[in-house]
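Enquirer: Got a file for you: coords-v7.txt, compact mmCIF, C-alpha atoms.
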```
# COMPACT_ATOMS: atom_id res chain seq x y z
CA MET D 1 152.38 23.29 -4.65
CA ASP D 2 148.87 24.58 -3.84
CA LYS D 3 148.40 27.15 -1.08
CA PRO D 4 146.36 26.00 1.95
CA ILE D 5 143.22 28.07 2.44
CA SER D 6 143.10 30.05 5.65
CA SER D 7 139.89 31.03 7.43
CA ASN D 8 137.86 33.72 5.64
CA ASP D 9 140.37 33.68 2.81
CA LEU D 10 138.87 32.49 -0.43
CA SER D 11 141.54 34.05 -2.58
CA ALA D 12 143.11 30.61 -2.97
CA LEU D 13 140.19 29.80 -5.26
CA VAL D 14 142.15 31.67 -7.91
CA ASP D 15 144.73 28.89 -7.69
CA VAL D 16 142.35 26.02 -8.39
CA ASP D 17 143.39 23.80 -11.24
CA ARG D 18 141.26 25.17 -14.05
CA LEU D 19 141.86 22.11 -16.15
CA VAL D 20 140.05 20.06 -13.51
CA HIS D 21 137.53 22.77 -12.63
CA GLU D 22 135.70 22.65 -15.96
CA PRO D 23 132.46 20.65 -15.27
CA ALA D 24 132.76 18.16 -18.13
CA ARG D 25 136.42 17.41 -17.36
CA LEU D 26 135.61 17.15 -13.66
CA MET D 27 133.02 14.45 -14.45
CA ILE D 28 135.51 12.69 -16.73
CA LEU D 29 138.17 12.72 -14.00
CA ALA D 30 135.70 11.60 -11.32
CA ASN D 31 134.57 8.68 -13.47
CA LEU D 32 138.11 7.62 -14.28
CA TYR D 33 139.23 8.12 -10.68
CA VAL D 34 136.89 5.36 -9.41
CA VAL D 35 138.05 2.73 -11.92
CA GLU D 36 141.43 1.33 -12.88
CA SER D 37 140.74 1.87 -16.55
CA ALA D 38 137.81 2.27 -18.89
CA ASP D 39 137.35 2.37 -22.62
CA PHE D 40 136.12 5.39 -24.54
CA VAL D 41 132.59 4.04 -25.10
CA PHE D 42 132.10 3.20 -21.41
CA LEU D 43 133.19 6.68 -20.38
CA MET D 44 131.02 8.27 -23.06
CA ASN D 45 127.96 6.43 -21.66
CA GLN D 46 128.79 7.45 -18.09
CA VAL D 47 129.39 11.15 -18.67
CA ARG D 48 126.82 11.48 -21.48
CA LEU D 49 128.98 13.61 -23.76
CA THR D 50 129.14 13.30 -27.52
CA TRP D 51 132.24 11.55 -28.83
CA GLY D 52 133.62 14.77 -30.33
CA ASN D 53 133.18 16.75 -27.14
CA LEU D 54 134.60 13.94 -25.00
CA SER D 55 137.51 13.48 -27.36
CA ALA D 56 138.40 17.19 -27.13
CA HIS D 57 138.39 17.12 -23.33
CA LEU D 58 140.42 13.91 -23.24
CA THR D 59 143.03 15.43 -25.51
CA LYS D 60 143.45 18.36 -23.10
CA LEU D 61 143.78 15.99 -20.14
CA GLU D 62 146.26 13.85 -22.05
CA GLU D 63 148.34 16.90 -22.96
CA ALA D 64 148.50 17.79 -19.26
CA GLU D 65 149.62 14.19 -18.60
CA TYR D 66 146.57 13.60 -16.40
CA LEU D 67 145.57 10.54 -18.37
CA GLU D 68 146.98 7.90 -20.66
CA MET D 69 145.23 6.80 -23.84
CA GLU D 70 146.10 3.45 -25.30
CA LYS D 71 144.72 2.65 -28.73
CA THR D 72 144.43 -1.07 -29.40
CA PHE D 73 142.23 -3.52 -31.28
CA LYS D 74 139.76 -5.95 -29.74
CA GLY D 75 139.38 -8.47 -32.50
CA LYS D 76 138.75 -6.28 -35.53
CA ARG D 77 137.30 -3.41 -33.52
CA PRO D 78 139.41 -0.42 -32.52
CA ASN D 79 139.43 0.20 -28.78
CA THR D 80 140.73 3.14 -26.77
CA GLN D 81 141.64 2.41 -23.17
CA LEU D 82 141.80 5.35 -20.77
CA ARG D 83 143.57 5.44 -17.45
CA LEU D 84 144.37 8.27 -15.04
CA THR D 85 148.07 8.81 -14.39
CA GLU D 86 149.41 9.34 -10.87
CA LYS D 87 149.65 13.04 -11.73
CA GLY D 88 145.99 13.05 -12.77
CA ARG D 89 144.87 11.24 -9.61
CA GLU D 90 146.85 13.65 -7.48
CA ALA D 91 145.41 16.67 -9.31
CA PHE D 92 141.86 15.41 -8.86
CA LYS D 93 142.44 14.64 -5.17
CA ASN D 94 143.97 18.08 -4.54
CA TYR D 95 141.13 19.78 -6.35
CA THR D 96 138.38 18.00 -4.37
CA GLN D 97 140.16 18.67 -1.07
CA LYS D 98 140.60 22.32 -1.90
CA MET D 99 136.98 22.76 -2.99
CA LYS D 100 135.69 20.99 0.12
CA GLN D 101 137.77 23.34 2.22
CA VAL D 102 136.47 26.36 0.32
CA PHE D 103 132.85 25.32 0.73
CA ASN D 104 133.39 24.61 4.41
CA GLU D 105 134.56 28.20 4.78
CA ILE D 106 131.36 29.52 3.27
CA THR D 107 128.65 29.43 5.93
CA PRO D 108 125.23 30.58 4.69
CA MET U 1 128.44 20.51 -8.08
CA LEU U 2 130.29 18.93 -5.19
CA ASN U 3 127.02 17.35 -4.08
CA GLN U 4 127.08 15.40 -7.33
CA LEU U 5 130.66 14.33 -6.72
CA ASN U 6 130.03 11.46 -4.39
CA LEU U 7 132.77 9.14 -5.62
CA LYS U 8 131.28 6.04 -4.02
CA GLU U 9 128.00 6.69 -5.81
CA ILE U 10 129.79 7.32 -9.10
CA GLU U 11 131.66 4.02 -8.75
CA LYS U 12 128.47 2.16 -7.82
CA LYS U 13 126.57 3.70 -10.73
CA ALA U 14 129.36 2.75 -13.14
CA PHE U 15 129.55 -0.78 -11.77
CA ARG U 16 125.80 -1.33 -11.78
CA ALA U 17 125.64 -0.08 -15.36
CA THR U 18 127.13 -3.44 -16.35
CA TYR U 19 123.84 -5.13 -15.34
CA GLN U 20 121.51 -2.80 -17.21
CA ASP U 21 121.33 -5.09 -20.26
CA GLY U 22 119.28 -7.75 -18.41
CA LEU U 23 121.47 -10.58 -19.71
CA LEU U 24 122.33 -11.80 -16.20
CA ASP U 25 118.62 -12.01 -15.37
CA ILE U 26 118.01 -14.05 -18.52
CA ASN U 27 120.94 -16.32 -17.63
CA MET U 28 119.76 -16.87 -14.05
CA GLY U 29 116.17 -17.40 -15.20
CA GLY U 30 117.43 -19.97 -17.72
CA ILE U 31 119.22 -21.86 -14.96
CA VAL U 32 116.05 -21.83 -12.83
CA ALA U 33 114.02 -23.10 -15.79
CA CYS U 34 116.54 -25.93 -16.25
CA MET U 35 116.23 -26.79 -12.54
CA ALA U 36 112.44 -26.96 -12.92
CA TYR U 37 112.82 -29.13 -16.02
CA MET U 38 115.16 -31.42 -14.06
CA GLN U 39 112.37 -31.93 -11.52
CA THR U 40 109.96 -33.01 -14.26
CA LEU U 41 112.55 -35.62 -15.27
CA THR U 42 112.60 -37.19 -11.80
CA ASP U 43 108.78 -37.36 -11.87
CA SER U 44 108.41 -38.96 -15.29
CA GLU U 45 111.01 -41.60 -15.96
CA GLU U 46 110.52 -41.67 -19.71
CA THR U 47 113.64 -41.25 -21.84
CA PRO U 48 115.92 -40.06 -19.01
CA ILE U 49 118.98 -39.78 -21.28
CA LEU U 50 117.17 -37.54 -23.75
CA GLY U 51 115.87 -35.52 -20.81
CA MET U 52 119.39 -35.09 -19.42
CA VAL U 53 120.63 -34.03 -22.85
CA VAL U 54 117.86 -31.40 -23.01
CA PHE U 55 118.76 -30.25 -19.48
CA VAL U 56 122.48 -29.89 -20.26
CA ALA U 57 121.67 -28.21 -23.59
CA GLY U 58 119.43 -25.74 -21.74
CA MET U 59 122.19 -24.89 -19.26
CA ILE U 60 124.72 -24.43 -22.08
CA ALA U 61 122.23 -22.35 -24.09
CA SER U 62 121.53 -19.95 -21.21
CA SER U 63 125.28 -19.48 -20.65
CA LEU U 64 125.86 -18.98 -24.39
CA ILE U 65 123.09 -16.37 -24.57
CA PHE U 66 124.83 -14.54 -21.73
CA TRP U 67 128.39 -14.67 -23.09
CA LEU U 68 127.58 -14.11 -26.77
CA GLY U 69 125.06 -11.38 -25.91
CA LYS U 70 127.70 -9.61 -23.82
CA LYS U 71 130.41 -9.99 -26.44
CA TYR U 72 128.53 -9.08 -29.60
CA ILE U 73 125.62 -6.90 -28.45
CA THR U 74 126.20 -5.31 -25.05
CA LEU U 75 129.90 -4.54 -24.83
CA PRO U 76 130.19 -2.76 -28.19
CA ARG U 77 127.32 -0.48 -27.06
CA MET U 78 128.20 -0.08 -23.40
CA GLY U 79 131.98 -0.28 -23.40
CA GLN U 80 134.04 -1.86 -20.66
CA ALA U 81 135.83 -0.80 -17.50
CA THR U 82 138.21 -2.45 -15.07
CA PHE U 83 137.23 -1.80 -11.49
CA GLY U 84 139.53 -1.45 -8.52
CA THR U 85 140.95 -3.86 -5.95
CA LYS U 86 137.95 -3.45 -3.64
CA ARG U 87 135.66 -5.04 -6.23
CA ARG U 88 138.13 -7.86 -6.84
CA ARG U 89 138.32 -8.50 -3.09
CA ARG U 90 134.53 -8.71 -2.94
CA SER U 91 134.52 -11.25 -5.79
CA ARG U 92 137.11 -13.37 -3.98
CA THR U 93 135.09 -13.22 -0.74
CA LEU U 94 131.99 -14.27 -2.66
CA ALA U 95 133.86 -17.20 -4.22
CA VAL U 96 134.98 -18.37 -0.76
CA ILE U 97 131.46 -18.06 0.70
CA LEU U 98 129.90 -19.89 -2.25
CA GLY U 99 132.53 -22.59 -1.87
CA ILE U 100 131.51 -23.03 1.77
CA ILE U 101 127.81 -23.18 0.81
CA VAL U 102 128.52 -25.82 -1.86
CA ALA U 103 130.53 -27.82 0.71
CA LEU U 104 127.60 -27.56 3.16
CA GLN U 105 125.19 -28.74 0.47
CA ALA U 106 127.48 -31.68 -0.23
CA VAL U 107 127.46 -32.54 3.49
CA VAL U 108 123.63 -32.45 3.52
CA VAL U 109 123.44 -34.68 0.41
CA ILE U 110 125.98 -37.15 1.85
CA PHE U 111 124.14 -37.13 5.20
CA SER U 112 120.84 -37.89 3.43
CA ALA U 113 122.46 -40.75 1.50
CA VAL U 114 123.93 -42.17 4.72
CA VAL U 115 120.56 -41.98 6.50
CA TRP U 116 118.81 -43.75 3.62
CA GLY U 117 121.37 -46.51 3.64
CA ASN U 118 121.49 -46.96 7.41
CA PRO U 119 118.45 -48.56 9.14
CA GLU U 120 119.74 -47.63 12.61
CA LEU U 121 119.92 -43.91 11.78
CA GLN U 122 116.55 -44.16 10.06
CA SER U 123 115.01 -45.55 13.24
CA ARG U 124 116.41 -42.58 15.20
CA LEU U 125 114.61 -40.27 12.78
CA ALA U 126 111.47 -42.38 13.06
CA PHE U 127 109.56 -39.53 14.67
CA LEU U 128 109.13 -38.22 11.14
CA GLU U 129 108.02 -41.58 9.78
CA GLY U 130 104.52 -41.42 8.38
CA GLU U 131 104.63 -37.65 8.70
CA HIS U 132 105.11 -37.09 4.99
CA ARG U 133 103.93 -33.48 5.14
CA ALA U 134 106.38 -32.72 7.94
CA MET U 135 109.22 -34.40 6.04
CA ASP U 136 108.32 -32.53 2.83
CA LEU U 137 108.16 -29.28 4.78
CA LEU U 138 111.60 -29.93 6.27
CA VAL U 139 113.20 -30.79 2.93
CA ALA U 140 111.48 -27.86 1.17
CA SER U 141 112.64 -25.47 3.89
CA ILE U 142 116.23 -26.72 3.71
CA GLY U 143 116.16 -26.39 -0.09
CA ALA U 144 114.77 -22.85 0.04
CA MET U 145 117.24 -21.89 2.77
CA PHE U 146 120.15 -23.02 0.61
CA VAL U 147 118.98 -21.40 -2.62
CA GLY U 148 117.54 -18.08 -1.37
CA PRO U 149 120.43 -16.88 0.82
CA SER U 150 123.05 -18.12 -1.70
CA VAL U 151 121.56 -15.99 -4.46
CA ALA U 152 121.07 -13.07 -2.03
CA LEU U 153 124.78 -13.30 -1.16
CA ILE U 154 125.67 -13.24 -4.86
CA ALA U 155 123.43 -10.16 -5.19
CA TYR U 156 125.06 -8.46 -2.21
CA PHE U 157 128.68 -9.10 -3.15
CA SER U 158 128.20 -8.33 -6.83
CA ASP U 159 126.03 -5.26 -6.18
CA PHE U 160 123.29 -6.75 -8.36
CA LEU U 161 120.13 -5.24 -6.90
CA ARG U 162 117.65 -7.32 -8.92
CA GLY U 163 119.43 -10.35 -7.47
CA TYR U 164 117.47 -9.90 -4.22
CA TYR U 165 114.20 -10.20 -6.14
CA ILE U 166 115.58 -13.25 -7.95
CA SER U 167 116.72 -14.82 -4.66
CA LEU U 168 113.24 -14.37 -3.19
CA LEU U 169 111.59 -15.87 -6.26
CA MET U 170 114.02 -18.80 -6.29
CA ALA U 171 113.52 -19.51 -2.59
CA VAL U 172 109.72 -19.46 -2.97
CA GLY U 173 109.89 -21.48 -6.20
CA VAL U 174 112.15 -24.17 -4.74
CA PHE U 175 110.06 -24.36 -1.58
CA LEU U 176 106.77 -24.81 -3.47
CA MET U 177 108.32 -27.19 -5.98
CA ILE U 178 109.55 -29.53 -3.25
CA PHE U 179 106.66 -29.12 -0.84
CA LEU U 180 103.89 -29.53 -3.42
CA ASN U 181 106.01 -31.70 -5.73
CA GLN U 182 105.07 -29.47 -8.67
CA PRO U 183 107.84 -28.10 -10.93
CA VAL U 184 105.36 -25.66 -12.45
CA TYR U 185 105.94 -23.20 -9.56
CA LEU U 186 109.65 -23.02 -10.26
CA MET U 187 108.87 -22.68 -13.97
CA VAL U 188 106.62 -19.69 -13.16
CA CYS U 189 109.46 -18.18 -11.09
CA ALA U 190 111.85 -18.72 -14.03
CA ALA U 191 109.41 -16.86 -16.27
CA LEU U 192 109.16 -14.02 -13.72
CA ILE U 193 112.95 -13.72 -13.82
CA ILE U 194 113.42 -14.08 -17.59
CA LEU U 195 110.63 -11.74 -18.74
CA PRO U 196 111.94 -8.59 -16.96
CA GLY U 197 115.39 -9.58 -18.24
CA ILE U 198 114.13 -9.63 -21.83
CA ALA U 199 112.33 -6.29 -21.31
CA LEU U 200 115.56 -4.77 -19.95
CA PHE U 201 117.55 -6.20 -22.84
CA ILE U 202 115.17 -4.72 -25.42
CA ARG U 203 115.23 -1.36 -23.63
CA PHE U 204 119.03 -1.47 -23.52
CA VAL U 205 119.36 -2.15 -27.24
CA LEU U 206 116.87 0.61 -28.07
CA THR U 207 118.52 3.21 -25.82
CA HIS U 208 122.12 2.27 -26.63
CA PRO U 209 122.72 2.38 -30.37
CA LEU U 210 126.10 1.30 -31.64
CA PRO U 211 128.51 4.23 -31.20
CA PRO U 212 130.16 5.62 -34.33
CA ALA U 213 133.47 4.02 -35.32
CA GLU U 214 135.22 7.27 -34.33
CA ALA U 215 134.02 6.80 -30.75
CA ARG U 216 135.59 3.35 -30.55
CA ARG U 217 138.83 4.77 -31.88
CA GLY U 218 138.55 7.65 -29.38
```
Using structure tokens, write down the structure that the file contains.
Expert:
Amino acid sequence: MDKPISSNDLSALVDVDRLVHEPARLMILANLYVVESADFVFLMNQVRLTWGNLSAHLTKLEEAEYLEMEKTFKGKRPNTQLRLTEKGREAFKNYTQKMKQVFNEITP
Amino acid sequence: MLNQLNLKEIEKKAFRATYQDGLLDINMGGIVACMAYMQTLTDSEETPILGMVVFVAGMIASSLIFWLGKKYITLPRMGQATFGTKRRRRSRTLAVILGIIVALQAVVVIFSAVVWGNPELQSRLAFLEGEHRAMDLLVASIGAMFVGPSVALIAYFSDFLRGYYISLLMAVGVFLMIFLNQPVYLMVCAALIILPGIALFIRFVLTHPLPPAEARRG
């Protein structure tokens, strides 16, 4: 369970989910969060990563059980469907809430 | 970074990406062209059956270009996503609204047929008799008011921004076609819808090469 951030206490930043915090993975999660499911090519076009780079990030997210990958065939073409798990959705939601809170604490 | 994380915008961008190939523009333009062609049929009564066959073939061809283009050209390059319940709700609302519009159009058509077949009702509308320009203006306005807002509603509910431009063109085209009894205006509108669609399609194919087989496998 993540610690709530108290006023003038940014030490909770240490606790942010680093798997989500990485910019490329954050974009992947954000793009999958707003859809029910998407295939690999669609996601690749949205986040503008190369297939190798995207594949590496997806593997990490799959290992953390943040997303499910389903490999099927559409006709003769291979197709990889991606979907965030409940755990992944929850992790993304927690992360965005925590970061919003942190940035609200920082007043320039 | 959080500034870039506007989820609504990300969802909109992803959804609107499905229109970037221009195929829907080409499809809609094709339908408008067929409507214009239909008007030429009512003007010249030569070979009406052949004309109808050409009209139906045109409608089928524009739908086939859309579906086959999506299946074999666009989707392998762009990929596919399933959007959430909010989008599905919007589609259902659009279907209901379009159903109501079609029902209203049917009422107008039936009303017109009843008036034509009923001398008593015709005499009540006699104030328009002899006023051909006024009658043409009325019919053209009704036609434009049905077509323009219907397409604008489709654009709104399906988040298809170019649909507003198409709705304007269609309303103007239908109005001029009926008022001036010249299908050429609607044909010009069809061309103004199809040509940007073709340009978008070419741009899409050039900027979206087929991804490597590894990418499809993930």
Enquirer: Chain D near chain U within 10 Å: what's each residue's closest atom pair and its distance in Å to one decimal, counting only C-alpha atoms, ordered by chain then ascending residue number, as a Markdown table?
Expert:
```
| residue | atom | partner | partner_atom | distance |
| --- | --- | --- | --- | --- |
| D:Pro23 | CA | U:Met1 | CA | 8.2 |
| D:Leu26 | CA | U:Leu5 | CA | 9.0 |
| D:Met27 | CA | U:Leu5 | CA | 8.1 |
| D:Ala30 | CA | U:Leu7 | CA | 6.9 |
| D:Asn31 | CA | U:Ile10 | CA | 6.6 |
| D:Leu32 | CA | U:Glu11 | CA | 9.2 |
| D:Tyr33 | CA | U:Leu7 | CA | 8.3 |
| D:Val34 | CA | U:Glu11 | CA | 5.4 |
| D:Val35 | CA | U:Phe83 | CA | 4.6 |
| D:Glu36 | CA | U:Phe83 | CA | 5.4 |
| D:Ser37 | CA | U:Thr82 | CA | 5.2 |
| D:Ala38 | CA | U:Ala81 | CA | 3.9 |
| D:Asp39 | CA | U:Gln80 | CA | 5.7 |
| D:Phe40 | CA | U:Gly218 | CA | 5.9 |
| D:Val41 | CA | U:Gly79 | CA | 4.7 |
| D:Phe42 | CA | U:Gly79 | CA | 4.0 |
| D:Leu43 | CA | U:Gly79 | CA | 7.7 |
| D:Met44 | CA | U:Ala215 | CA | 8.4 |
| D:Asn45 | CA | U:Met78 | CA | 6.7 |
| D:Gln46 | CA | U:Ala14 | CA | 6.8 |
| D:Thr50 | CA | U:Ala215 | CA | 8.7 |
| D:Trp51 | CA | U:Ala215 | CA | 5.4 |
| D:Gly52 | CA | U:Ala215 | CA | 8.0 |
| D:Leu54 | CA | U:Gly218 | CA | 8.6 |
| D:Ser55 | CA | U:Gly218 | CA | 6.3 |
| D:Ala56 | CA | U:Gly218 | CA | 9.8 |
| D:Leu58 | CA | U:Gly218 | CA | 9.0 |
| D:Thr59 | CA | U:Gly218 | CA | 9.8 |
| D:Met69 | CA | U:Gly218 | CA | 8.7 |
| D:Glu70 | CA | U:Gly218 | CA | 9.6 |
| D:Lys71 | CA | U:Arg217 | CA | 7.0 |
| D:Thr72 | CA | U:Arg217 | CA | 8.5 |
| D:Phe73 | CA | U:Arg217 | CA | 9.0 |
| D:Arg77 | CA | U:Arg216 | CA | 7.6 |
| D:Pro78 | CA | U:Arg217 | CA | 5.3 |
| D:Asn79 | CA | U:Arg216 | CA | 5.3 |
| D:Thr80 | CA | U:Gly218 | CA | 5.6 |
| D:Gln81 | CA | U:Gly218 | CA | 8.7 |
| D:Leu82 | CA | U:Ala81 | CA | 9.2 |
| D:Arg83 | CA | U:Thr82 | CA | 9.8 |
| D:Thr96 | CA | U:Leu2 | CA | 8.2 |
| D:Met99 | CA | U:Leu2 | CA | 8.0 |
| D:Lys100 | CA | U:Leu2 | CA | 7.8 |
| D:Phe103 | CA | U:Leu2 | CA | 9.1 |
```
Enquirer: Can you write just those residues out, C-alpha atoms, as an mmCIF file, in the coordinates of the input?
Expert:
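Produced file selection36.cif, reproduced below:
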```
data_model
loop_
_atom_site.group_PDB
_atom_site.id
_atom_site.type_symbol
_atom_site.label_atom_id
_atom_site.label_comp_id
_atom_site.auth_asym_id
_atom_site.auth_seq_id
_atom_site.Cartn_x
_atom_site.Cartn_y
_atom_site.Cartn_z
ATOM 1 C CA PRO D 23 132.460 20.650 -15.270
ATOM 2 C CA LEU D 26 135.610 17.150 -13.660
ATOM 3 C CA MET D 27 133.020 14.450 -14.450
ATOM 4 C CA ALA D 30 135.700 11.600 -11.320
ATOM 5 C CA ASN D 31 134.570 8.680 -13.470
ATOM 6 C CA LEU D 32 138.110 7.620 -14.280
ATOM 7 C CA TYR D 33 139.230 8.120 -10.680
ATOM 8 C CA VAL D 34 136.890 5.360 -9.410
ATOM 9 C CA VAL D 35 138.050 2.730 -11.920
ATOM 10 C CA GLU D 36 141.430 1.330 -12.880
ATOM 11 C CA SER D 37 140.740 1.870 -16.550
ATOM 12 C CA ALA D 38 137.810 2.270 -18.890
ATOM 13 C CA ASP D 39 137.350 2.370 -22.620
ATOM 14 C CA PHE D 40 136.120 5.390 -24.540
ATOM 15 C CA VAL D 41 132.590 4.040 -25.100
ATOM 16 C CA PHE D 42 132.100 3.200 -21.410
ATOM 17 C CA LEU D 43 133.190 6.680 -20.380
ATOM 18 C CA MET D 44 131.020 8.270 -23.060
ATOM 19 C CA ASN D 45 127.960 6.430 -21.660
ATOM 20 C CA GLN D 46 128.790 7.450 -18.090
ATOM 21 C CA THR D 50 129.140 13.300 -27.520
ATOM 22 C CA TRP D 51 132.240 11.550 -28.830
ATOM 23 C CA GLY D 52 133.620 14.770 -30.330
ATOM 24 C CA LEU D 54 134.600 13.940 -25.000
ATOM 25 C CA SER D 55 137.510 13.480 -27.360
ATOM 26 C CA ALA D 56 138.400 17.190 -27.130
ATOM 27 C CA LEU D 58 140.420 13.910 -23.240
ATOM 28 C CA THR D 59 143.030 15.430 -25.510
ATOM 29 C CA MET D 69 145.230 6.800 -23.840
ATOM 30 C CA GLU D 70 146.100 3.450 -25.300
ATOM 31 C CA LYS D 71 144.720 2.650 -28.730
ATOM 32 C CA THR D 72 144.430 -1.070 -29.400
ATOM 33 C CA PHE D 73 142.230 -3.520 -31.280
ATOM 34 C CA ARG D 77 137.300 -3.410 -33.520
ATOM 35 C CA PRO D 78 139.410 -0.420 -32.520
ATOM 36 C CA ASN D 79 139.430 0.200 -28.780
ATOM 37 C CA THR D 80 140.730 3.140 -26.770
ATOM 38 C CA GLN D 81 141.640 2.410 -23.170
ATOM 39 C CA LEU D 82 141.800 5.350 -20.770
ATOM 40 C CA ARG D 83 143.570 5.440 -17.450
ATOM 41 C CA THR D 96 138.380 18.000 -4.370
ATOM 42 C CA MET D 99 136.980 22.760 -2.990
ATOM 43 C CA LYS D 100 135.690 20.990 0.120
ATOM 44 C CA PHE D 103 132.850 25.320 0.730
#
```
Enquirer: Determine, counting all atoms listed in the file, which protein, DNA and RNA residues have an atom within 9 Å of an atom of U:Val32; residues of the same chain fewer than 2 positions away are not included. Present the result as a tab-separated table (two decimals) with C-alpha atoms, in the coordinates of the input.
Expert:
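The file below, selection-v9.tsv, is the result:
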```tsv
chain	number	residue	atom	x	y	z
U	27	ASN	CA	120.94	-16.32	-17.63
U	28	MET	CA	119.76	-16.87	-14.05
U	29	GLY	CA	116.17	-17.40	-15.20
U	30	GLY	CA	117.43	-19.97	-17.72
U	34	CYS	CA	116.54	-25.93	-16.25
U	35	MET	CA	116.23	-26.79	-12.54
U	36	ALA	CA	112.44	-26.96	-12.92
U	37	TYR	CA	112.82	-29.13	-16.02
U	170	MET	CA	114.02	-18.80	-6.29
U	186	LEU	CA	109.65	-23.02	-10.26
U	187	MET	CA	108.87	-22.68	-13.97
U	189	CYS	CA	109.46	-18.18	-11.09
U	190	ALA	CA	111.85	-18.72	-14.03
U	191	ALA	CA	109.41	-16.86	-16.27
U	193	ILE	CA	112.95	-13.72	-13.82
```
Enquirer: Please report the interatomic distance between atom CA of D:Gly75 and atom CA of U:Leu64 in Å with one decimal.
Expert: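 Interatomic distance here is 18.9 Å.
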Enquirer: Between atom CA of U:Arg88 and atom CA of U:Leu153, measure the distance and give it in Å to one decimal.
Expert: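 These two atoms are separated by 15.5 Å.
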Enquirer: Do you have the atom CA of U:Leu161-atom CA of U:Pro183 distance handy?
Expert: 26.3 Å
Enquirer: When you count only C-alpha atoms, which of these residues is closest to U:Leu50: U:Ala155, U:Met38, U:Val147, U:Ala113?
Expert: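 Selected residue with least distance to U:Leu50: U:Met38.
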Enquirer: Need the shell around stretch 173-181 of chain U: protein/DNA/RNA residues with any atom at most 9 Å away, counting all atoms listed in the file. Skip same-chain ones fewer than 5 positions apart. Format as a short mmCIF file (atom, residue, chain, number, x, y, z; two decimals) with C-alpha atoms, in the coordinates of the input?
Expert:
```cif
data_model
loop_
_atom_site.label_atom_id
_atom_site.label_comp_id
_atom_site.auth_asym_id
_atom_site.auth_seq_id
_atom_site.Cartn_x
_atom_site.Cartn_y
_atom_site.Cartn_z
CA ALA U 36 112.44 -26.96 -12.92
CA GLN U 39 112.37 -31.93 -11.52
CA ASP U 43 108.78 -37.36 -11.87
CA ARG U 133 103.93 -33.48 5.14
CA ASP U 136 108.32 -32.53 2.83
CA LEU U 137 108.16 -29.28 4.78
CA LEU U 138 111.60 -29.93 6.27
CA VAL U 139 113.20 -30.79 2.93
CA ALA U 140 111.48 -27.86 1.17
CA SER U 141 112.64 -25.47 3.89
CA ILE U 142 116.23 -26.72 3.71
CA GLY U 143 116.16 -26.39 -0.09
CA ALA U 144 114.77 -22.85 0.04
CA MET U 145 117.24 -21.89 2.77
CA VAL U 147 118.98 -21.40 -2.62
CA GLY U 148 117.54 -18.08 -1.37
CA LEU U 168 113.24 -14.37 -3.19
CA LEU U 186 109.65 -23.02 -10.26
CA MET U 187 108.87 -22.68 -13.97
CA VAL U 188 106.62 -19.69 -13.16
CA CYS U 189 109.46 -18.18 -11.09
CA ALA U 190 111.85 -18.72 -14.03
#
```
Enquirer: For a quick check of understanding, using only C-alpha atoms, which of D:Leu61, D:Val47, D:Ile106, D:Leu29 has the smallest distance to D:Arg89?
Expert: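 Smallest distance to D:Arg89 is found for D:Leu29.
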